[in-house]
$ cat upload_38.csv   # CSV, C-alpha atoms (C1' of nucleotides)
chain,number,residue,atom,x,y,z
A,1,MET,CA,-5.6,-36.5,18.1
A,2,LYS,CA,-8.7,-37.4,16.2
A,3,GLY,CA,-12.1,-36.8,17.6
A,4,SER,CA,-10.9,-34.0,19.8
A,5,CYS,CA,-12.6,-31.4,17.7
A,6,SER,CA,-16.3,-31.1,17.8
A,7,GLU,CA,-16.6,-29.0,14.7
A,8,LYS,CA,-17.7,-30.9,11.6
A,9,GLN,CA,-14.9,-31.7,9.3
A,10,ARG,CA,-14.9,-29.5,6.3
A,11,ILE,CA,-14.4,-30.8,2.8
A,12,VAL,CA,-13.1,-28.2,0.3
A,13,LEU,CA,-12.5,-28.6,-3.4
A,14,HIS,CA,-10.2,-26.4,-5.4
A,15,VAL,CA,-10.7,-26.6,-9.2
A,16,ASP,CA,-8.0,-25.3,-11.4
A,17,MET,CA,-8.4,-25.3,-15.2
A,18,ASP,CA,-5.3,-26.7,-16.9
A,19,HIS,CA,-3.3,-24.0,-18.8
A,20,PHE,CA,-6.7,-22.3,-19.4
A,21,PHE,CA,-6.0,-19.7,-22.1
A,22,SER,CA,-3.8,-21.9,-24.3
A,23,ALA,CA,-6.3,-24.8,-23.8
A,24,VAL,CA,-9.1,-22.6,-25.1
A,25,GLU,CA,-6.9,-21.5,-28.0
A,26,GLU,CA,-6.2,-25.2,-28.9
A,27,ARG,CA,-9.9,-26.0,-28.7
A,28,GLU,CA,-10.8,-23.1,-31.0
A,29,HIS,CA,-7.9,-23.8,-33.4
A,30,PRO,CA,-7.6,-27.5,-34.1
A,31,GLU,CA,-4.6,-26.7,-36.3
A,32,PHE,CA,-2.7,-25.8,-33.1
A,33,LYS,CA,-3.1,-29.4,-31.8
A,34,GLY,CA,0.3,-30.9,-30.9
A,35,LYS,CA,2.2,-27.7,-31.3
A,36,PRO,CA,3.6,-25.5,-28.6
A,37,VAL,CA,1.2,-22.7,-28.0
A,38,VAL,CA,2.1,-19.5,-26.1
A,39,VAL,CA,-0.4,-16.9,-25.1
A,40,GLY,CA,1.0,-13.5,-24.2
A,41,ALA,CA,2.7,-10.4,-25.5
A,42,ASP,CA,3.7,-10.0,-29.2
A,43,PRO,CA,7.2,-11.6,-29.4
A,44,GLN,CA,8.1,-9.3,-32.4
A,45,LYS,CA,10.7,-11.8,-33.5
A,46,GLY,CA,12.4,-11.7,-30.1
A,47,GLY,CA,12.2,-7.9,-29.6
A,48,GLY,CA,8.8,-7.9,-27.8
A,49,ARG,CA,8.6,-6.5,-24.2
A,50,GLY,CA,5.8,-8.4,-22.5
A,51,VAL,CA,5.6,-11.7,-20.8
A,52,VAL,CA,4.1,-15.2,-21.3
A,53,LYS,CA,0.6,-15.4,-19.8
A,54,THR,CA,0.1,-19.2,-20.2
A,55,CYS,CA,1.5,-21.9,-22.5
A,56,ASN,CA,0.5,-25.5,-23.1
A,57,TYR,CA,2.5,-28.5,-22.1
A,58,GLU,CA,4.2,-28.8,-25.5
A,59,ALA,CA,5.7,-25.3,-25.0
A,60,ARG,CA,6.7,-26.2,-21.4
A,61,GLU,CA,8.9,-28.9,-22.9
A,62,PHE,CA,11.0,-26.1,-24.3
A,63,GLY,CA,11.4,-24.6,-20.9
A,64,ILE,CA,8.7,-21.9,-21.5
A,65,HIS,CA,6.5,-21.0,-18.5
A,66,SER,CA,4.1,-18.2,-17.5
A,67,GLY,CA,5.6,-15.0,-16.3
A,68,MET,CA,8.7,-15.5,-18.5
A,69,PRO,CA,9.7,-12.6,-20.7
A,70,ILE,CA,8.3,-13.2,-24.2
A,71,SER,CA,11.7,-12.5,-25.7
A,72,SER,CA,13.2,-15.4,-23.7
A,73,ALA,CA,10.3,-17.7,-24.9
A,74,TRP,CA,11.1,-16.7,-28.5
A,75,ARG,CA,14.7,-17.6,-28.0
A,76,LEU,CA,13.7,-21.0,-26.6
A,77,CYS,CA,11.2,-21.8,-29.3
A,78,PRO,CA,10.7,-19.4,-32.2
A,79,LYS,CA,8.6,-22.0,-34.0
A,80,ALA,CA,5.8,-22.0,-31.3
A,81,VAL,CA,2.4,-20.6,-32.1
A,82,TYR,CA,2.3,-17.1,-30.4
A,83,VAL,CA,-1.1,-15.6,-29.8
A,84,ARG,CA,-2.1,-12.4,-28.1
A,85,GLY,CA,-5.1,-13.9,-26.5
A,86,ASN,CA,-8.9,-13.4,-26.8
A,87,TYR,CA,-9.9,-12.3,-23.4
A,88,ARG,CA,-13.5,-11.7,-24.3
A,89,LEU,CA,-13.7,-15.4,-25.3
A,90,TYR,CA,-11.9,-16.5,-22.2
A,91,LYS,CA,-14.3,-14.6,-20.0
A,92,GLU,CA,-17.3,-16.2,-21.8
A,93,VAL,CA,-15.9,-19.7,-21.4
A,94,SER,CA,-15.0,-18.9,-17.7
A,95,ASN,CA,-18.6,-17.8,-17.1
A,96,ARG,CA,-20.0,-21.0,-18.4
A,97,ILE,CA,-17.5,-23.0,-16.3
A,98,MET,CA,-18.4,-21.1,-13.2
A,99,THR,CA,-22.1,-21.7,-13.8
A,100,ILE,CA,-21.4,-25.4,-14.0
A,101,LEU,CA,-19.2,-25.4,-10.8
A,102,GLY,CA,-21.8,-23.3,-8.9
A,103,LYS,CA,-24.4,-26.1,-9.3
A,104,TYR,CA,-22.3,-28.4,-7.2
A,105,SER,CA,-22.3,-26.4,-4.1
A,106,GLY,CA,-24.0,-23.3,-2.7
A,107,LYS,CA,-20.7,-22.4,-1.0
A,108,PHE,CA,-18.7,-21.4,-4.0
A,109,GLN,CA,-16.0,-18.9,-4.7
A,110,ARG,CA,-14.5,-17.9,-8.0
A,111,TRP,CA,-10.8,-17.1,-8.0
A,112,GLY,CA,-9.7,-15.5,-11.1
A,113,LEU,CA,-11.0,-16.6,-14.5
A,114,ASP,CA,-9.9,-20.2,-14.2
A,115,GLU,CA,-10.0,-21.3,-10.5
A,116,ALA,CA,-12.7,-21.8,-7.9
A,117,PHE,CA,-13.3,-23.2,-4.4
A,118,LEU,CA,-16.3,-25.3,-3.4
A,119,ASP,CA,-17.2,-26.2,0.1
A,120,VAL,CA,-19.0,-29.5,-0.3
A,121,SER,CA,-19.2,-30.4,3.4
A,122,SER,CA,-23.0,-30.3,3.3
A,123,ASP,CA,-23.2,-31.9,-0.1
A,124,VAL,CA,-21.3,-35.2,0.6
A,125,GLN,CA,-21.0,-37.6,3.5
A,126,ASN,CA,-17.3,-38.4,3.3
A,127,LEU,CA,-14.1,-38.1,1.2
A,128,GLU,CA,-15.1,-41.0,-1.0
A,129,GLU,CA,-18.3,-39.2,-2.0
A,130,ALA,CA,-16.2,-36.0,-2.5
A,131,VAL,CA,-14.0,-37.9,-4.9
A,132,GLU,CA,-17.0,-39.1,-6.9
A,133,LEU,CA,-18.3,-35.5,-7.0
A,134,ALA,CA,-14.9,-34.3,-8.3
A,135,ALA,CA,-15.0,-37.0,-11.0
A,136,ARG,CA,-18.5,-35.8,-12.0
A,137,ILE,CA,-17.2,-32.2,-12.2
A,138,LYS,CA,-14.3,-33.2,-14.4
A,139,HIS,CA,-16.6,-35.2,-16.7
A,140,GLU,CA,-19.1,-32.4,-17.1
A,141,LEU,CA,-16.4,-29.8,-17.9
A,142,LEU,CA,-14.8,-32.1,-20.4
A,143,TRP,CA,-18.2,-33.0,-22.0
A,144,ASN,CA,-19.5,-29.4,-22.2
A,145,GLU,CA,-16.3,-27.4,-22.8
A,146,ARG,CA,-13.8,-30.0,-23.9
A,147,LEU,CA,-11.4,-28.7,-21.2
A,148,THR,CA,-9.6,-30.5,-18.5
A,149,CYS,CA,-8.9,-29.4,-14.9
A,150,SER,CA,-7.0,-30.4,-11.8
A,151,ILE,CA,-8.8,-30.8,-8.5
A,152,GLY,CA,-7.5,-30.8,-4.9
A,153,ILE,CA,-9.7,-32.0,-2.1
A,154,ALA,CA,-8.7,-31.1,1.5
A,155,PRO,CA,-10.1,-29.8,4.8
A,156,ASN,CA,-9.5,-26.2,3.9
A,157,LYS,CA,-8.9,-23.8,1.0
A,158,LEU,CA,-5.1,-23.5,1.6
A,159,VAL,CA,-4.4,-27.2,1.4
A,160,ALA,CA,-7.0,-27.8,-1.4
A,161,LYS,CA,-5.2,-25.2,-3.5
A,162,ILE,CA,-1.8,-26.7,-2.9
A,163,ALA,CA,-3.3,-30.2,-3.6
A,164,SER,CA,-4.8,-29.1,-7.0
A,165,ASP,CA,-1.3,-28.0,-8.0
A,166,TYR,CA,0.3,-31.3,-6.9
A,167,LYS,CA,-0.7,-33.3,-10.0
A,168,LYS,CA,-1.3,-31.7,-13.3
A,169,PRO,CA,-2.8,-31.8,-15.9
A,170,ASP,CA,-6.1,-33.6,-15.3
A,171,GLY,CA,-5.1,-34.5,-11.8
A,172,LEU,CA,-7.1,-35.3,-8.7
A,173,THR,CA,-5.3,-35.1,-5.3
A,174,VAL,CA,-7.0,-35.9,-2.0
A,175,VAL,CA,-5.6,-34.9,1.4
A,176,SER,CA,-7.5,-36.2,4.4
A,177,GLU,CA,-7.4,-34.3,7.6
A,178,ASP,CA,-4.9,-36.6,9.3
A,179,SER,CA,-2.5,-36.6,6.3
A,180,VAL,CA,-2.3,-32.8,5.9
A,181,GLU,CA,1.0,-32.3,7.7
A,182,ARG,CA,2.5,-35.4,6.0
A,183,PHE,CA,1.4,-34.1,2.6
A,184,LEU,CA,2.8,-30.6,3.1
A,185,ALA,CA,6.1,-31.4,4.9
A,186,PRO,CA,8.3,-32.5,2.0
A,187,LEU,CA,7.2,-29.7,-0.4
A,188,PRO,CA,9.6,-26.8,-1.0
A,189,VAL,CA,8.6,-23.8,1.1
A,190,GLN,CA,7.9,-21.7,-2.1
A,191,ARG,CA,5.0,-24.0,-2.8
A,192,MET,CA,3.2,-22.5,0.1
A,193,LEU,CA,0.5,-20.0,-0.8
A,194,TRP,CA,1.6,-16.4,0.0
A,195,ILE,CA,5.2,-17.3,0.2
A,196,GLY,CA,6.7,-16.0,-3.1
A,197,GLU,CA,10.2,-15.5,-4.3
A,198,LYS,CA,11.3,-12.8,-1.9
A,199,THR,CA,10.0,-14.5,1.3
A,200,GLY,CA,11.0,-17.9,0.1
A,201,ARG,CA,14.6,-16.7,-0.3
A,202,LYS,CA,14.6,-15.2,3.2
A,203,LEU,CA,13.3,-18.4,4.6
A,204,ASN,CA,15.9,-20.4,2.7
A,205,ALA,CA,18.6,-18.3,4.1
A,206,MET,CA,17.3,-19.2,7.6
A,207,GLY,CA,17.7,-22.8,6.7
A,208,ILE,CA,14.1,-23.4,6.0
A,209,LYS,CA,13.8,-25.3,2.7
A,210,THR,CA,10.6,-27.3,3.0
A,211,ILE,CA,7.1,-26.6,4.4
A,212,GLY,CA,8.0,-29.2,7.1
A,213,ASP,CA,11.1,-27.1,8.1
A,214,LEU,CA,8.8,-24.1,8.5
A,215,ALA,CA,6.2,-26.0,10.5
A,216,SER,CA,8.9,-27.1,13.1
A,217,PHE,CA,10.7,-23.8,13.2
A,218,ASP,CA,10.6,-21.6,16.3
A,219,VAL,CA,7.5,-19.5,15.9
A,220,GLN,CA,9.0,-16.7,18.1
A,221,VAL,CA,11.9,-16.2,15.7
A,222,LEU,CA,9.4,-16.1,12.7
A,223,ILE,CA,7.4,-13.4,14.5
A,224,GLN,CA,10.5,-11.4,15.2
A,225,ARG,CA,11.5,-11.6,11.6
A,226,PHE,CA,8.2,-11.3,9.7
A,227,GLY,CA,5.8,-9.8,12.3
A,228,VAL,CA,2.2,-11.1,12.2
A,229,MET,CA,3.0,-12.7,8.8
A,230,GLY,CA,5.5,-14.9,10.6
A,231,LEU,CA,2.8,-16.3,12.8
A,232,ARG,CA,0.6,-16.9,9.8
A,233,TYR,CA,3.3,-18.7,7.8
A,234,HIS,CA,3.8,-21.0,10.8
A,235,LYS,CA,0.1,-21.8,10.9
A,236,TYR,CA,-0.2,-22.3,7.2
A,237,ALA,CA,2.8,-24.6,7.2
A,238,ARG,CA,0.9,-26.8,9.7
A,239,GLY,CA,-2.1,-26.8,7.3
A,240,ILE,CA,-4.1,-24.5,9.5
A,241,HIS,CA,-6.4,-22.1,7.5
A,242,LYS,CA,-9.9,-21.2,8.7
A,243,ALA,CA,-11.1,-18.9,5.9
A,244,GLU,CA,-14.5,-19.7,4.7
A,245,VAL,CA,-15.3,-20.4,1.0
A,246,GLY,CA,-17.0,-17.1,0.2
A,247,ARG,CA,-20.5,-17.0,-1.4
A,248,THR,CA,-19.8,-13.8,-3.3
A,249,GLY,CA,-16.8,-12.3,-4.8
A,250,GLY,CA,-16.8,-9.4,-2.3
A,251,THR,CA,-16.8,-5.8,-3.3
A,252,ARG,CA,-14.2,-4.2,-5.5
A,253,LYS,CA,-11.7,-2.0,-3.7
A,254,SER,CA,-9.9,-0.4,-6.7
A,255,LEU,CA,-9.9,-0.2,-10.4
A,256,GLY,CA,-7.1,0.8,-12.7
A,257,HIS,CA,-5.2,0.5,-16.0
A,258,GLU,CA,-1.5,0.6,-16.8
A,259,SER,CA,0.5,0.5,-20.0
A,260,THR,CA,4.1,-0.2,-20.9
A,261,PHE,CA,5.4,1.9,-23.8
A,262,SER,CA,6.8,0.0,-26.7
A,263,THR,CA,10.0,2.0,-26.3
A,264,ASP,CA,11.0,4.0,-23.2
A,265,THR,CA,10.2,7.7,-23.6
A,266,ASP,CA,10.5,11.1,-22.0
A,267,ASP,CA,8.2,12.8,-24.5
A,268,CYS,CA,5.7,14.6,-22.2
A,269,GLU,CA,3.1,15.1,-24.9
A,270,PHE,CA,3.2,11.4,-25.7
A,271,ILE,CA,3.1,10.4,-22.0
A,272,PHE,CA,0.1,12.7,-21.3
A,273,GLN,CA,-1.7,11.3,-24.3
A,274,ARG,CA,-1.3,7.8,-22.9
A,275,LEU,CA,-2.4,8.9,-19.4
A,276,ASN,CA,-5.5,10.4,-21.0
A,277,ASP,CA,-6.3,7.2,-22.7
A,278,LEU,CA,-5.9,5.3,-19.5
A,279,CYS,CA,-8.2,7.8,-17.7
A,280,GLN,CA,-10.8,7.4,-20.4
A,281,GLY,CA,-10.8,3.6,-20.0
A,282,ILE,CA,-11.1,3.9,-16.3
A,283,HIS,CA,-13.9,6.5,-16.5
A,284,GLU,CA,-15.9,4.2,-18.8
A,285,ARG,CA,-15.6,1.4,-16.3
A,286,VAL,CA,-16.4,3.6,-13.3
A,287,VAL,CA,-19.6,4.8,-15.0
A,288,ARG,CA,-20.6,1.3,-16.2
A,289,HIS,CA,-20.2,-0.1,-12.7
A,290,LYS,CA,-22.0,2.9,-11.2
A,291,LEU,CA,-19.1,3.8,-9.0
A,292,LEU,CA,-17.7,7.0,-7.4
A,293,PHE,CA,-14.1,7.3,-6.5
A,294,LYS,CA,-12.2,9.5,-4.1
A,295,THR,CA,-8.6,8.6,-4.4
A,296,VAL,CA,-6.5,8.7,-7.6
A,297,THR,CA,-3.1,7.0,-7.7
A,298,VAL,CA,-0.6,7.1,-10.6
A,299,LYS,CA,2.2,4.7,-11.1
A,300,ILE,CA,5.4,5.5,-13.0
A,301,ARG,CA,8.1,3.1,-13.9
A,302,PHE,CA,11.5,4.4,-15.1
A,303,GLN,CA,13.7,2.8,-17.8
A,304,ASN,CA,15.7,1.1,-15.0
A,305,PHE,CA,12.5,-0.5,-13.5
A,306,GLU,CA,12.5,1.8,-10.5
A,307,THR,CA,8.8,2.2,-9.8
A,308,HIS,CA,6.9,4.8,-7.8
A,309,THR,CA,3.3,5.4,-6.9
A,310,TYR,CA,1.8,8.7,-5.9
A,311,GLY,CA,-1.7,9.2,-4.8
A,312,LYS,CA,-4.1,12.0,-3.9
A,313,THR,CA,-7.4,11.8,-2.1
A,314,LEU,CA,-9.9,14.3,-3.4
A,315,PRO,CA,-12.2,16.3,-1.1
A,316,LEU,CA,-15.3,14.7,-2.6
A,317,LEU,CA,-16.4,11.5,-4.2
A,318,THR,CA,-16.7,11.9,-8.0
A,319,SER,CA,-17.0,10.0,-11.2
A,320,ARG,CA,-16.1,12.9,-13.6
A,321,LEU,CA,-13.5,12.3,-16.2
A,322,GLN,CA,-12.1,15.8,-15.9
A,323,ASP,CA,-11.5,15.3,-12.1
A,324,LEU,CA,-9.6,12.1,-12.9
A,325,GLN,CA,-7.6,13.7,-15.7
A,326,LYS,CA,-6.7,16.7,-13.6
A,327,ALA,CA,-5.6,14.7,-10.6
A,328,THR,CA,-3.6,12.4,-12.8
A,329,GLN,CA,-1.8,15.2,-14.6
A,330,LYS,CA,-1.0,17.0,-11.4
A,331,LEU,CA,0.5,13.9,-9.8
A,332,VAL,CA,2.7,13.1,-12.8
A,333,GLN,CA,3.8,16.7,-13.3
A,334,ASP,CA,4.8,16.8,-9.6
A,335,HIS,CA,7.1,13.8,-10.0
A,336,PHE,CA,8.3,13.6,-13.5
A,337,ALA,CA,10.0,16.2,-15.7
A,338,GLU,CA,11.1,15.9,-19.4
A,339,GLY,CA,14.9,15.4,-19.7
A,340,ASN,CA,14.8,13.2,-16.6
A,341,LYS,CA,15.2,9.5,-16.9
A,342,LYS,CA,12.9,7.9,-19.5
A,343,LEU,CA,9.7,6.3,-18.6
A,344,ARG,CA,8.8,2.6,-19.3
A,345,LEU,CA,5.3,2.5,-17.9
A,346,VAL,CA,2.5,4.7,-16.6
A,347,GLY,CA,-0.6,3.6,-14.8
A,348,VAL,CA,-3.7,5.1,-13.2
A,349,ARG,CA,-5.9,3.6,-10.5
A,350,VAL,CA,-8.9,4.8,-8.6
A,351,SER,CA,-9.8,3.6,-5.1
A,352,ASN,CA,-11.9,4.6,-2.1
A,353,LEU,CA,-14.9,3.5,-4.2
A,354,LYS,CA,-18.6,3.9,-3.5
A,355,PHE,CA,-21.3,2.1,-5.3
A,356,VAL,CA,-24.2,4.4,-6.2
A,357,GLY,CA,-26.6,1.9,-7.5
A,358,GLU,CA,-29.4,3.4,-9.4
A,359,GLN,CA,-28.3,6.9,-9.0
A,360,GLU,CA,-27.5,8.8,-12.2
A,361,THR,CA,-23.8,9.7,-12.6
A,362,LEU,CA,-22.6,12.4,-14.8
B,1,DT,C1',17.0,-13.2,-19.4
B,2,DC,C1',15.0,-8.5,-18.7
B,3,DT,C1',11.0,-8.3,-16.5
B,4,DG,C1',2.4,-7.4,-18.4
B,5,DG,C1',-1.7,-6.0,-16.4
B,6,DG,C1',-5.4,-6.9,-13.4
B,7,DG,C1',-5.9,-6.8,-8.5
B,8,DT,C1',-5.5,-7.5,-2.8
B,9,DC,C1',-3.5,-7.0,1.6
B,10,DC,C1',0.1,-5.4,4.9
B,11,DT,C1',3.4,-2.0,7.0
B,12,DA,C1',4.8,2.3,8.8
B,13,DG,C1',5.0,7.1,9.6
B,14,DG,C1',2.5,11.4,10.1
B,15,DA,C1',-1.7,14.3,10.6
B,16,DC,C1',-5.5,15.2,13.1
B,17,DC,C1',-9.3,14.6,16.5
B,18,DC,C1',-11.1,13.6,21.0
C,1,DT,C1',2.2,24.3,31.3
C,2,DC,C1',2.9,19.9,30.0
C,3,DT,C1',1.3,15.7,28.9
C,4,DG,C1',-1.4,10.4,27.3
C,5,DG,C1',-3.4,7.3,24.4
C,6,DG,C1',-6.9,5.6,21.0
C,7,DG,C1',-8.8,5.9,16.6
C,8,DT,C1',-9.0,7.0,11.8
C,9,DC,C1',-7.4,8.7,7.5
C,10,DC,C1',-3.8,9.6,4.2
C,11,DT,C1',0.4,8.4,1.7
C,12,DA,C1',4.2,5.4,-0.3
C,13,DG,C1',6.1,1.2,-0.8
C,14,DG,C1',6.3,-3.8,-1.1
C,15,DA,C1',4.9,-8.7,-1.5
C,16,DC,C1',1.8,-11.6,-3.4
C,17,DC,C1',-1.9,-13.7,-6.3
C,18,DC,C1',-3.9,-15.0,-11.2

$ encode --input "upload_38.csv" --output "C-alpha cells"
Amino acid sequence: MKGSCSEKQRIVLHVDMDHFFSAVEEREHPEFKGKPVVVGADPQKGGGRGVVKTCNYEAREFGIHSGMPISSAWRLCPKAVYVRGNYRLYKEVSNRIMTILGKYSGKFQRWGLDEAFLDVSSDVQNLEEAVELAARIKHELLWNERLTCSIGIAPNKLVAKIASDYKKPDGLTVVSEDSVERFLAPLPVQRMLWIGEKTGRKLNAMGIKTIGDLASFDVQVLIQRFGVMGLRYHKYARGIHKAEVGRTGGTRKSLGHESTFSTDTDDCEFIFQRLNDLCQGIHERVVRHKLLFKTVTVKIRFQNFETHTYGKTLPLLTSRLQDLQKATQKLVQDHFAEGNKKLRLVGVRVSNLKFVGEQETL
DNA sequence: TCTGGGGTCCTAGGACCC
DNA sequence: TCTGGGGTCCTAGGACCC
C-alpha cells in the first residue's frame, strides 16, 4: 500500500570499492595490468598457510576468491602476481575516498576500509536525483583515485548493501521502495546480510532456498528455531531494516592481535615470546589511543583447529604492559601445557575499555 | 582444499546484590 | 525457615562482517 506511511521515504546509498586492495596494487604497479593479482598471505610455492584477502577479476577467472586458502589459490594459478599487501597505503587511499564520500551527505557511515553508507534523503528530491548523485560520486572517485566502485541505492542500509553487490564491478543498482520485495525474493538466502554459511545451511535444510522463501515462511517456526534472530531474519527478508546511517563510527569495544605460527608448535618458550610480542603491540595501541582496559582475553587454536578463548577481568582499569603480560601468561598457563597438542595460533585481546582523553597514562 | 586477522553482537549459565 | 524476581557483571563459545 503506498501512501500509508507518513514518514518521509529514505534514500540510502551503499558505496563498495571494487576489489579494493588489488585495484590499488594495479594502480600503483602498471606492470600488473591484465594479470591476475592476488593480495594475501605469502603462498610459499603452495606451502603458505594464510588466505586470499582480495583478488582482481583476472584472478577470479581462475576460480580464486577472497577467503580461500592461499595454497589453493597457488594450485589454481601459480603464475598470478602474489602480493602481501601494503595496508598503510590502503588506509591512506581509503581516507581520501571517505573524505570525498563525506562531502556528499552529512549522514555518512564508513564500513571497513572500502565501503560506506550515505543517507541522501535530505540531499536529493527523488530517486532520479539520487542516481545522478551516484554517477557524480563514481566520476569523482575515478577521476581522483583512478578506482571504480559499485553503488546500491535503496530505502535502507540492508537493501542498499545487497543492491551494491548485485552488479559488479562498476555497477549501479537502484531498488525503489515498491520493488524491494521483488528484488530480494529470487536471491539465494545466503545473499542476505547476517546469514552466513552456517545459518544458510540450516535454512536450506528447512526448505528455505531464496530470500523470498524466507519472507513467506512461518515466523513462529523461525523464532522457535533461531530465537530473536529468527524474527530479525524474517523482517530482513521482507526488506525491513530501520537502522540509521550513523554519523560517527561509534566507540571501540575491544582491541587485539592474533598470530598464526608458520608451523604448529608446543615449544612454550617460543609461544610465550609470541604472546609477549602481541602484548607489546596491543600496549602501544592502547597508549596511543589513550585507553584503559579491564578485561584480557587470550585465544588459543590447536593443530586440529579446535579453538578456545579464556578471559579474566582485572580488579581495576589499567594500561600497563606488565598487567597485560601477567594476565596473558596466567591465562595461557592455566589452559595449555607443553607436551599437549600443538598450537596453531595464539591471540590476545583487551576489552572493557575506557577512554581517558587527556589524562597521562603510564 | 585446509582454513588470516581485525572486529561486533548474541546466547546462556552462574555469581552476586537488592 | 523458606522463598521471588530483577538487574548487572563475568565467562565461554559461536556466528557473522570486512

$ atom_distance --input "upload_38.csv" --atom1 "atom CA of A:Gly171" --atom2 "atom CA of A:Val124"
20.4 Å

$ interface_residues --input "upload_38.csv" --of "chain A" --to "chain C" --cutoff "7 Å" --atoms "all atoms listed in the file" --output "number ranges by chain"
A: 112, 194, 196, 309-311

$ residues_around --input "upload_38.csv" --residues "A:Val219" --least-positions-apart "3" --cutoff "8 Å" --atoms "all atoms listed in the file" --output "ChimeraX atom specification"
/A:222-223,230-231,234

$ closest_residue --input "upload_38.csv" --among "A:Leu292, A:Leu203, A:Ala327, A:Ala135" --to "A:Ser150" --atoms "all atoms listed in the file"
A:Ala135

$ closest_residue --input "upload_38.csv" --among "A:Arg182, A:Arg301, A:Arg110, A:Lys202" --to "A:Lys341" --atoms "only C-alpha atoms"
A:Arg301

$ atom_distance --input "upload_38.csv" --atom1 "atom CA of A:Asn156" --atom2 "atom CA of A:Asp218"
24.1 Å

$ atom_distance --input "upload_38.csv" --atom1 "atom CA of A:Glu284" --atom2 "atom CA of A:Asp323"
13.7 Å

$ closest_residue --input "upload_38.csv" --among "A:Glu177, A:Asp267, A:Glu258, A:Glu338" --to "A:Val350" --atoms "only C-alpha atoms"
A:Glu258

$ residues_around --input "upload_38.csv" --residues "A:Pro78" --least-positions-apart "4" --cutoff "10 Å" --atoms "only C-alpha atoms (C1' of nucleotides)" --output "JSON, numbers by chain"
{"A": [43, 45, 46, 71, 72, 73, 74, 82]}

$ write_last_selection --input "upload_38.csv" --atoms "C-alpha atoms" --output "compact mmCIF listing (two decimals), keeping the file's coordinate frame"
# COMPACT_ATOMS: atom_id res chain seq x y z
CA PRO A 43 7.20 -11.60 -29.40
CA LYS A 45 10.70 -11.80 -33.50
CA GLY A 46 12.40 -11.70 -30.10
CA SER A 71 11.70 -12.50 -25.70
CA SER A 72 13.20 -15.40 -23.70
CA ALA A 73 10.30 -17.70 -24.90
CA TRP A 74 11.10 -16.70 -28.50
CA TYR A 82 2.30 -17.10 -30.40

$ residues_around --input "upload_38.csv" --residues "A:Arg201" --least-positions-apart "4" --cutoff "12 Å" --atoms "only C-alpha atoms (C1' of nucleotides)" --output "PyMOL selection string"
chain A and resi 188-190+195-197+205-210

$ write_last_selection --input "upload_38.csv" --atoms "C-alpha atoms" --output "mmCIF file, keeping the file's coordinate frame"
data_model
loop_
_atom_site.group_PDB
_atom_site.id
_atom_site.type_symbol
_atom_site.label_atom_id
_atom_site.label_comp_id
_atom_site.auth_asym_id
_atom_site.auth_seq_id
_atom_site.Cartn_x
_atom_site.Cartn_y
_atom_site.Cartn_z
ATOM 1 C CA PRO A 188 9.600 -26.800 -1.000
ATOM 2 C CA VAL A 189 8.600 -23.800 1.100
ATOM 3 C CA GLN A 190 7.900 -21.700 -2.100
ATOM 4 C CA ILE A 195 5.200 -17.300 0.200
ATOM 5 C CA GLY A 196 6.700 -16.000 -3.100
ATOM 6 C CA GLU A 197 10.200 -15.500 -4.300
ATOM 7 C CA ALA A 205 18.600 -18.300 4.100
ATOM 8 C CA MET A 206 17.300 -19.200 7.600
ATOM 9 C CA GLY A 207 17.700 -22.800 6.700
ATOM 10 C CA ILE A 208 14.100 -23.400 6.000
ATOM 11 C CA LYS A 209 13.800 -25.300 2.700
ATOM 12 C CA THR A 210 10.600 -27.300 3.000
#

$ residues_around --input "upload_38.csv" --residues "A:Thr328" --least-positions-apart "6" --cutoff "8 Å" --atoms "all atoms listed in the file" --output "PyMOL selection string"
chain A and resi 275+296-298+348

$ closest_residue --input "upload_38.csv" --among "A:Glu92, A:Asp277, A:Glu31, A:Asp42" --to "A:Pro69" --atoms "all atoms listed in the file"
A:Asp42

$ closest_residue --input "upload_38.csv" --among "A:His65, A:Lys103, A:Arg88, A:Lys198" --to "A:Val51" --atoms "all atoms listed in the file"
A:His65

$ residues_near_point --input "upload_38.csv" --point "(-8.2, -23.2, -10.0)" --cutoff "10 Å" --atoms "only C-alpha atoms (C1' of nucleotides)" --output "list in words"
Leu13, His14, Val15, Asp16, Met17, Asp18, Phe20, Arg110, Trp111, Gly112, Leu113, Asp114, Glu115, Ala116, Phe117, Cys149, Ser150, Ile151, Gly152, Ala160, Lys161, Ser164 and Asp165 of chain A; DC18 of chain C

$ residues_around --input "upload_38.csv" --residues "A:Thr265" --least-positions-apart "2" --cutoff "12 Å" --atoms "all atoms listed in the file" --output "list of chain:residue names"
A:Thr260, A:Phe261, A:Ser262, A:Thr263, A:Asp267, A:Cys268, A:Glu269, A:Phe270, A:Ile271, A:Phe272, A:Arg274, A:Ile300, A:Arg301, A:Phe302, A:Gln303, A:Phe336, A:Ala337, A:Glu338, A:Gly339, A:Asn340, A:Lys341, A:Lys342, A:Leu343, A:Arg344, A:Leu345, A:Val346

$ build_atoms --input "upload_38.csv" --residues "stretch 100-105 of chain A" --atoms "N, CA and C atoms" --output "compact mmCIF listing (two decimals), in the frame of the given file"
# COMPACT_ATOMS: atom_id res chain seq x y z
N ILE A 100 -21.39 -23.98 -14.21
CA ILE A 100 -21.40 -25.40 -14.00
C ILE A 100 -20.93 -25.72 -12.54
N LEU A 101 -19.80 -25.13 -12.15
CA LEU A 101 -19.20 -25.40 -10.80
C LEU A 101 -20.19 -24.98 -9.71
N GLY A 102 -20.86 -23.84 -9.94
CA GLY A 102 -21.80 -23.30 -8.90
C GLY A 102 -22.91 -24.25 -8.59
N LYS A 103 -23.26 -25.12 -9.54
CA LYS A 103 -24.40 -26.10 -9.30
C LYS A 103 -23.98 -27.12 -8.27
N TYR A 104 -22.70 -27.34 -8.10
CA TYR A 104 -22.30 -28.40 -7.20
C TYR A 104 -22.21 -28.09 -5.77
N SER A 105 -22.28 -26.79 -5.46
CA SER A 105 -22.30 -26.40 -4.10
C SER A 105 -22.77 -24.96 -3.93
